[in-house]
Amino acid sequence: MAQSQTKQTLDFYSDIYRNAFSRINGIVIEGEQEAYDNFICLSKLMPDHAEELTRLGKMEFRHRKSFEACGRNLDVLPDLTFAQEFFKDLRATFQNAVAHHQIATCLLIQALVIECFAIAAYNNYIPVADDFARKVTESVVADEYLHLNFGEVWLKAHFEDVKAELETANRQILPLIWQMLSQVESDANAIGMSKQFLIEEFLVRYSEALSQLGFSTRDILRMSSQGLAARKSGTSNT
Ligand code: PL3
Ligand code: FE2
Ligand code: FE2
C-alpha cells in the first residue's frame with residue numbers, strides 16, 4: 001500500500017522531514033495540552049465525574065510530555081506558535097460551550113471529535129514513525145480509546161435530551177476539522193502520511209461513535225459528511 005512504499009524513502013534526519021515534523025510535533029503537543037485543558041474544564045462542569053475527568057486530563061498531560069520526547073529524539077524544536085494558531089477556532093468553540101454550560105457540546109468536541117481526530121492521526125502515523133515515536137504513539141493511542149469511551153457512555157445515557165444539541169454542535173465543528181486537515185496536508189505528506197487515510201479513519205471512528213450513541217444510519221451519514229461536500233464544491237460555510 002502507498003504508506004509502506006513511502007516509508008522506505010523517509011529520511012528522519014533530512015531537512016524536509018524535520019521541517020514538517022516541527023509543525024506536526026507542535027500540533028500534537030499543543031493538541032494534548034488543549035485536551036488536558038478541556039478535561040479540566042469538563043471536571044468543573046460535571047462535578048459527579050470530576051475525579052475520572054481529572055484522571056483523563058492527567059493522561060493528556062503525560063501524552064504531551066511523551067510527544068515532546070519524540071521531538072527531542074529527532075532534535076526538532078516543535079513550532080508551538082503555529083500549533084496554537086492551528087487550534088484557535090476549535091478552542092474558542094469549546095470555550096463558548098463551557099461559558100453556556102453546554103456539556104453535550106463540550107463532550108462532542110473533546111471526547112468524540114478531538115479523540116477521533118487523534119486516533120486517526122496516530123494510527124496513520126504509527127506505520128511511518130521512527131522506532132522511538134512508534135512505541136510512544138502506540139501507548140498514547142491506547143489511552144485515546146478510553147477518552148472516546150467516556151464521551152460515548154455519558155452521551156448515550158443522555159441521548160434523547162442531547163440529540164438536538166449534538167446535531168448543532170456537529171454542524172459547527174466538522175467544517176473546522178476538514179479545514180484543519182487541509183492545513184496539515186502537506187506536512188503530513190512529508191512525513192509519510194496521507195490526507196485520504198486520515199479522513200477515512202476519522203470518518204470510521206466518528207461514525208462508529210455516533211452509532212454507539214443511538215443515531216440512525218441516515219443521521220450518521222448526514223452528520224459525518226457535514227461540510228465535506230460543500231468544501232469540495234467550493235462553497236464555503238455550510
Ligand atoms: C487528544 O488526546 C489529543 C489531540 C491531539 C490532536 C492531534 C491531531 C493531529 C492532526 C495532525 C496529523 C498528524 C499526526 C501525526 C502524529 C504524530
Ligand atoms: Fe491524548
Ligand atoms: Fe485523549
# chains A, B, ... in the order shown; residues from 1 in each chain; ligands from 1
call {"tool": "closest_atom_pairs", "arguments": {"of": "chain A", "to": "ligand 3", "cutoff": "8 Å", "atoms": "only C-alpha atoms and all ligand atoms", "output": "Markdown table"}}
result
| residue | atom | partner | partner_atom_place_in_ligand_line | distance |
| --- | --- | --- | --- | --- |
| A:Glu32 | CA | ligand 3 | 1 (Fe) | 7.1 |
| A:Ala35 | CA | ligand 3 | 1 (Fe) | 6.2 |
| A:Leu56 | CA | ligand 3 | 1 (Fe) | 7.4 |
| A:Gly57 | CA | ligand 3 | 1 (Fe) | 7.9 |
| A:Met59 | CA | ligand 3 | 1 (Fe) | 7.6 |
| A:Glu60 | CA | ligand 3 | 1 (Fe) | 5.8 |
| A:Gln110 | CA | ligand 3 | 1 (Fe) | 7.9 |
| A:Ala111 | CA | ligand 3 | 1 (Fe) | 7.2 |
| A:Ile114 | CA | ligand 3 | 1 (Fe) | 7.5 |
| A:Glu115 | CA | ligand 3 | 1 (Fe) | 5.3 |
| A:Ala118 | CA | ligand 3 | 1 (Fe) | 7.3 |
| A:Asp143 | CA | ligand 3 | 1 (Fe) | 6.6 |
| A:Glu144 | CA | ligand 3 | 1 (Fe) | 4.3 |
| A:Tyr145 | CA | ligand 3 | 1 (Fe) | 7.6 |
| A:Leu146 | CA | ligand 3 | 1 (Fe) | 7.7 |
| A:His147 | CA | ligand 3 | 1 (Fe) | 5.2 |
| A:Leu148 | CA | ligand 3 | 1 (Fe) | 7.3 |
call {"tool": "select_by_dssp", "arguments": {"residues": "region 11-214 of chain A", "states": "alpha helix (DSSP H)", "output": "ChimeraX atom specification"}}
result
/A:15-45,50-73,80-86,88-99,103-107,115-125,131-157,159-190,195-213
call {"tool": "closest_residue", "arguments": {"among": "A:Leu155, A:Ala92, A:Tyr36, A:Val76", "to": "Ile16 (chain A)", "atoms": "only C-alpha atoms"}}
result
A:Val76
call {"tool": "residues_near_ligand", "arguments": {"ligand": "ligand 1", "cutoff": "8 Å", "atoms": "only C-alpha atoms and all ligand atoms", "output": "PDB file with C-alpha atoms, in the first residue's frame"}}
result
ATOM      1  CA  ILE A  24       3.308  18.199  13.228  1.00  0.00           C
ATOM      2  CA  ASN A  25       5.095  17.718  16.562  1.00  0.00           C
ATOM      3  CA  ILE A  27       0.350  20.260  16.707  1.00  0.00           C
ATOM      4  CA  VAL A  28       0.303  17.042  18.719  1.00  0.00           C
ATOM      5  CA  ILE A  29       1.976  18.691  21.734  1.00  0.00           C
ATOM      6  CA  GLU A  30      -0.497  21.585  21.642  1.00  0.00           C
ATOM      7  CA  GLY A  31      -3.385  19.169  20.893  1.00  0.00           C
ATOM      8  CA  GLU A  32      -2.570  17.165  24.029  1.00  0.00           C
ATOM      9  CA  GLN A  33      -2.366  20.406  26.012  1.00  0.00           C
ATOM     10  CA  GLU A  34      -5.785  21.513  24.677  1.00  0.00           C
ATOM     11  CA  ALA A  35      -7.151  18.083  25.620  1.00  0.00           C
ATOM     12  CA  TYR A  36      -5.758  18.484  29.153  1.00  0.00           C
ATOM     13  CA  GLU A  60      -3.263  14.029  28.298  1.00  0.00           C
ATOM     14  CA  HIS A  63       0.907  12.465  26.300  1.00  0.00           C
ATOM     15  CA  PHE A  67       5.430  13.781  22.246  1.00  0.00           C
ATOM     16  CA  GLN A 110     -13.313  16.809  23.143  1.00  0.00           C
ATOM     17  CA  ILE A 114     -10.805  15.565  19.014  1.00  0.00           C
ATOM     18  CA  GLU A 115     -10.268  11.995  20.211  1.00  0.00           C
ATOM     19  CA  PHE A 117      -9.046  13.037  15.125  1.00  0.00           C
ATOM     20  CA  ALA A 118      -6.188  11.948  17.399  1.00  0.00           C
ATOM     21  CA  ILE A 119      -6.900   8.224  16.902  1.00  0.00           C
ATOM     22  CA  ALA A 121      -3.755  10.705  13.153  1.00  0.00           C
ATOM     23  CA  TYR A 122      -1.875   8.361  15.489  1.00  0.00           C
ATOM     24  CA  ASN A 124      -1.808   6.592  10.435  1.00  0.00           C
ATOM     25  CA  TYR A 125       1.465   7.817  11.884  1.00  0.00           C
ATOM     26  CA  ILE A 126       2.459   4.541  13.608  1.00  0.00           C
ATOM     27  CA  ALA A 129       7.107   6.705  12.510  1.00  0.00           C
ATOM     28  CA  ALA A 133       7.999   7.656  18.200  1.00  0.00           C
ATOM     29  CA  THR A 137       2.414   6.684  19.832  1.00  0.00           C
ATOM     30  CA  ASP A 143      -5.366   5.805  26.103  1.00  0.00           C
ATOM     31  CA  GLU A 144      -7.287   7.793  23.493  1.00  0.00           C
ATOM     32  CA  HIS A 147     -11.249   9.059  26.359  1.00  0.00           C
ATOM     33  CA  MET A 180      -7.517  21.720   9.965  1.00  0.00           C
ATOM     34  CA  LEU A 181      -6.841  18.572   7.950  1.00  0.00           C
ATOM     35  CA  VAL A 184      -1.768  19.896   7.792  1.00  0.00           C
ATOM     36  CA  GLU A 185      -1.927  18.005   4.490  1.00  0.00           C
ATOM     37  CA  ASP A 187       3.326  18.384   6.294  1.00  0.00           C
ATOM     38  CA  ALA A 188       1.528  15.073   6.845  1.00  0.00           C
ATOM     39  CA  MET A 193       1.030  10.125   5.931  1.00  0.00           C
ATOM     40  CA  LEU A 198      -6.726  10.450   7.791  1.00  0.00           C
TER      41      LEU A 198
END
call {"tool": "closest_residue", "arguments": {"among": "A:Glu201, A:Asp37, A:Glu208, A:Glu160", "to": "ligand 2", "atoms": "only C-alpha atoms and all ligand atoms"}}
result
A:Asp37
call {"tool": "closest_residue", "arguments": {"among": "A:Asp48, A:Phe94, A:Ala69, A:Asn19", "to": "Ala169 (chain A)", "atoms": "only C-alpha atoms"}}
result
A:Phe94
call {"tool": "decode", "arguments": {"residues": "region 174-202 of chain A", "atoms": "N, CA, C and O atoms", "output": "PDB file, in the first residue's frame"}}
result
ATOM      1  N   LEU A 174     -17.509  20.090  12.523  1.00  0.00           N
ATOM      2  CA  LEU A 174     -16.885  19.297  11.454  1.00  0.00           C
ATOM      3  C   LEU A 174     -16.224  20.136  10.365  1.00  0.00           C
ATOM      4  O   LEU A 174     -15.106  19.816   9.952  1.00  0.00           O
ATOM      5  N   PRO A 175     -16.836  21.255   9.920  1.00  0.00           N
ATOM      6  CA  PRO A 175     -16.129  22.070   8.922  1.00  0.00           C
ATOM      7  C   PRO A 175     -14.756  22.536   9.427  1.00  0.00           C
ATOM      8  O   PRO A 175     -13.799  22.615   8.650  1.00  0.00           O
ATOM      9  N   LEU A 176     -14.648  22.789  10.741  1.00  0.00           N
ATOM     10  CA  LEU A 176     -13.342  23.187  11.301  1.00  0.00           C
ATOM     11  C   LEU A 176     -12.331  22.057  11.169  1.00  0.00           C
ATOM     12  O   LEU A 176     -11.147  22.289  10.860  1.00  0.00           O
ATOM     13  N   ILE A 177     -12.790  20.837  11.400  1.00  0.00           N
ATOM     14  CA  ILE A 177     -11.895  19.679  11.327  1.00  0.00           C
ATOM     15  C   ILE A 177     -11.377  19.481   9.900  1.00  0.00           C
ATOM     16  O   ILE A 177     -10.190  19.251   9.671  1.00  0.00           O
ATOM     17  N   TRP A 178     -12.272  19.621   8.904  1.00  0.00           N
ATOM     18  CA  TRP A 178     -11.820  19.468   7.496  1.00  0.00           C
ATOM     19  C   TRP A 178     -10.806  20.557   7.151  1.00  0.00           C
ATOM     20  O   TRP A 178      -9.831  20.310   6.441  1.00  0.00           O
ATOM     21  N   GLN A 179     -11.054  21.743   7.687  1.00  0.00           N
ATOM     22  CA  GLN A 179     -10.128  22.855   7.441  1.00  0.00           C
ATOM     23  C   GLN A 179      -8.750  22.568   8.060  1.00  0.00           C
ATOM     24  O   GLN A 179      -7.715  22.807   7.442  1.00  0.00           O
ATOM     25  N   MET A 180      -8.767  22.030   9.273  1.00  0.00           N
ATOM     26  CA  MET A 180      -7.517  21.720   9.965  1.00  0.00           C
ATOM     27  C   MET A 180      -6.754  20.626   9.226  1.00  0.00           C
ATOM     28  O   MET A 180      -5.537  20.694   9.072  1.00  0.00           O
ATOM     29  N   LEU A 181      -7.504  19.635   8.714  1.00  0.00           N
ATOM     30  CA  LEU A 181      -6.841  18.572   7.950  1.00  0.00           C
ATOM     31  C   LEU A 181      -6.187  19.119   6.692  1.00  0.00           C
ATOM     32  O   LEU A 181      -5.080  18.722   6.330  1.00  0.00           O
ATOM     33  N   SER A 182      -6.863  20.045   6.019  1.00  0.00           N
ATOM     34  CA  SER A 182      -6.281  20.634   4.807  1.00  0.00           C
ATOM     35  C   SER A 182      -5.009  21.397   5.134  1.00  0.00           C
ATOM     36  O   SER A 182      -4.039  21.359   4.379  1.00  0.00           O
ATOM     37  N   GLN A 183      -5.032  22.085   6.286  1.00  0.00           N
ATOM     38  CA  GLN A 183      -3.842  22.857   6.679  1.00  0.00           C
ATOM     39  C   GLN A 183      -2.627  21.985   6.940  1.00  0.00           C
ATOM     40  O   GLN A 183      -1.501  22.428   6.804  1.00  0.00           O
ATOM     41  N   VAL A 184      -2.875  20.753   7.382  1.00  0.00           N
ATOM     42  CA  VAL A 184      -1.768  19.896   7.792  1.00  0.00           C
ATOM     43  C   VAL A 184      -1.358  18.936   6.661  1.00  0.00           C
ATOM     44  O   VAL A 184      -0.377  18.221   6.767  1.00  0.00           O
ATOM     45  N   GLU A 185      -2.110  19.001   5.554  1.00  0.00           N
ATOM     46  CA  GLU A 185      -1.927  18.005   4.490  1.00  0.00           C
ATOM     47  C   GLU A 185      -0.490  17.892   3.971  1.00  0.00           C
ATOM     48  O   GLU A 185       0.064  16.800   3.903  1.00  0.00           O
ATOM     49  N   SER A 186       0.132  19.015   3.632  1.00  0.00           N
ATOM     50  CA  SER A 186       1.447  18.883   3.007  1.00  0.00           C
ATOM     51  C   SER A 186       2.504  18.421   4.014  1.00  0.00           C
ATOM     52  O   SER A 186       3.377  17.622   3.673  1.00  0.00           O
ATOM     53  N   ASP A 187       2.387  18.873   5.266  1.00  0.00           N
ATOM     54  CA  ASP A 187       3.326  18.384   6.294  1.00  0.00           C
ATOM     55  C   ASP A 187       3.099  16.900   6.583  1.00  0.00           C
ATOM     56  O   ASP A 187       4.057  16.140   6.775  1.00  0.00           O
ATOM     57  N   ALA A 188       1.830  16.493   6.614  1.00  0.00           N
ATOM     58  CA  ALA A 188       1.528  15.073   6.845  1.00  0.00           C
ATOM     59  C   ALA A 188       2.111  14.229   5.714  1.00  0.00           C
ATOM     60  O   ALA A 188       2.707  13.171   5.948  1.00  0.00           O
ATOM     61  N   ASN A 189       1.993  14.721   4.466  1.00  0.00           N
ATOM     62  CA  ASN A 189       2.586  14.001   3.325  1.00  0.00           C
ATOM     63  C   ASN A 189       4.092  13.859   3.471  1.00  0.00           C
ATOM     64  O   ASN A 189       4.659  12.808   3.196  1.00  0.00           O
ATOM     65  N   ALA A 190       4.726  14.944   3.931  1.00  0.00           N
ATOM     66  CA  ALA A 190       6.195  14.943   4.041  1.00  0.00           C
ATOM     67  C   ALA A 190       6.691  13.921   5.067  1.00  0.00           C
ATOM     68  O   ALA A 190       7.823  13.461   4.976  1.00  0.00           O
ATOM     69  N   ILE A 191       5.843  13.550   6.035  1.00  0.00           N
ATOM     70  CA  ILE A 191       6.287  12.540   6.999  1.00  0.00           C
ATOM     71  C   ILE A 191       5.662  11.170   6.695  1.00  0.00           C
ATOM     72  O   ILE A 191       5.683  10.269   7.534  1.00  0.00           O
ATOM     73  N   GLY A 192       5.120  11.037   5.486  1.00  0.00           N
ATOM     74  CA  GLY A 192       4.693   9.714   5.016  1.00  0.00           C
ATOM     75  C   GLY A 192       3.230   9.386   5.253  1.00  0.00           C
ATOM     76  O   GLY A 192       2.805   8.250   5.034  1.00  0.00           O
ATOM     77  N   MET A 193       2.442  10.392   5.691  1.00  0.00           N
ATOM     78  CA  MET A 193       1.030  10.125   5.931  1.00  0.00           C
ATOM     79  C   MET A 193       0.188  10.643   4.767  1.00  0.00           C
ATOM     80  O   MET A 193       0.654  11.461   3.991  1.00  0.00           O
ATOM     81  N   SER A 194      -1.067  10.167   4.677  1.00  0.00           N
ATOM     82  CA  SER A 194      -1.906  10.666   3.589  1.00  0.00           C
ATOM     83  C   SER A 194      -3.215  11.229   4.129  1.00  0.00           C
ATOM     84  O   SER A 194      -3.812  10.682   5.058  1.00  0.00           O
ATOM     85  N   LYS A 195      -3.630  12.361   3.546  1.00  0.00           N
ATOM     86  CA  LYS A 195      -4.848  13.023   3.995  1.00  0.00           C
ATOM     87  C   LYS A 195      -6.062  12.113   3.792  1.00  0.00           C
ATOM     88  O   LYS A 195      -6.962  12.077   4.623  1.00  0.00           O
ATOM     89  N   GLN A 196      -6.035  11.369   2.689  1.00  0.00           N
ATOM     90  CA  GLN A 196      -7.167  10.476   2.421  1.00  0.00           C
ATOM     91  C   GLN A 196      -7.330   9.433   3.527  1.00  0.00           C
ATOM     92  O   GLN A 196      -8.430   9.175   4.005  1.00  0.00           O
ATOM     93  N   PHE A 197      -6.210   8.828   3.959  1.00  0.00           N
ATOM     94  CA  PHE A 197      -6.273   7.849   5.059  1.00  0.00           C
ATOM     95  C   PHE A 197      -6.761   8.504   6.343  1.00  0.00           C
ATOM     96  O   PHE A 197      -7.502   7.897   7.120  1.00  0.00           O
ATOM     97  N   LEU A 198      -6.308   9.738   6.576  1.00  0.00           N
ATOM     98  CA  LEU A 198      -6.726  10.450   7.791  1.00  0.00           C
ATOM     99  C   LEU A 198      -8.235  10.668   7.789  1.00  0.00           C
ATOM    100  O   LEU A 198      -8.912  10.426   8.783  1.00  0.00           O
ATOM    101  N   ILE A 199      -8.757  11.114   6.641  1.00  0.00           N
ATOM    102  CA  ILE A 199     -10.200  11.352   6.536  1.00  0.00           C
ATOM    103  C   ILE A 199     -10.966  10.047   6.733  1.00  0.00           C
ATOM    104  O   ILE A 199     -11.934   9.989   7.493  1.00  0.00           O
ATOM    105  N   GLU A 200     -10.506   8.984   6.071  1.00  0.00           N
ATOM    106  CA  GLU A 200     -11.209   7.705   6.163  1.00  0.00           C
ATOM    107  C   GLU A 200     -11.246   7.197   7.597  1.00  0.00           C
ATOM    108  O   GLU A 200     -12.290   6.795   8.112  1.00  0.00           O
ATOM    109  N   GLU A 201     -10.081   7.216   8.232  1.00  0.00           N
ATOM    110  CA  GLU A 201     -10.003   6.686   9.601  1.00  0.00           C
ATOM    111  C   GLU A 201     -10.845   7.551  10.556  1.00  0.00           C
ATOM    112  O   GLU A 201     -11.534   7.036  11.429  1.00  0.00           O
ATOM    113  N   PHE A 202     -10.791   8.875  10.351  1.00  0.00           N
ATOM    114  CA  PHE A 202     -11.614   9.754  11.183  1.00  0.00           C
ATOM    115  C   PHE A 202     -13.095   9.412  11.013  1.00  0.00           C
ATOM    116  O   PHE A 202     -13.839   9.263  11.989  1.00  0.00           O
TER     117      PHE A 202
END
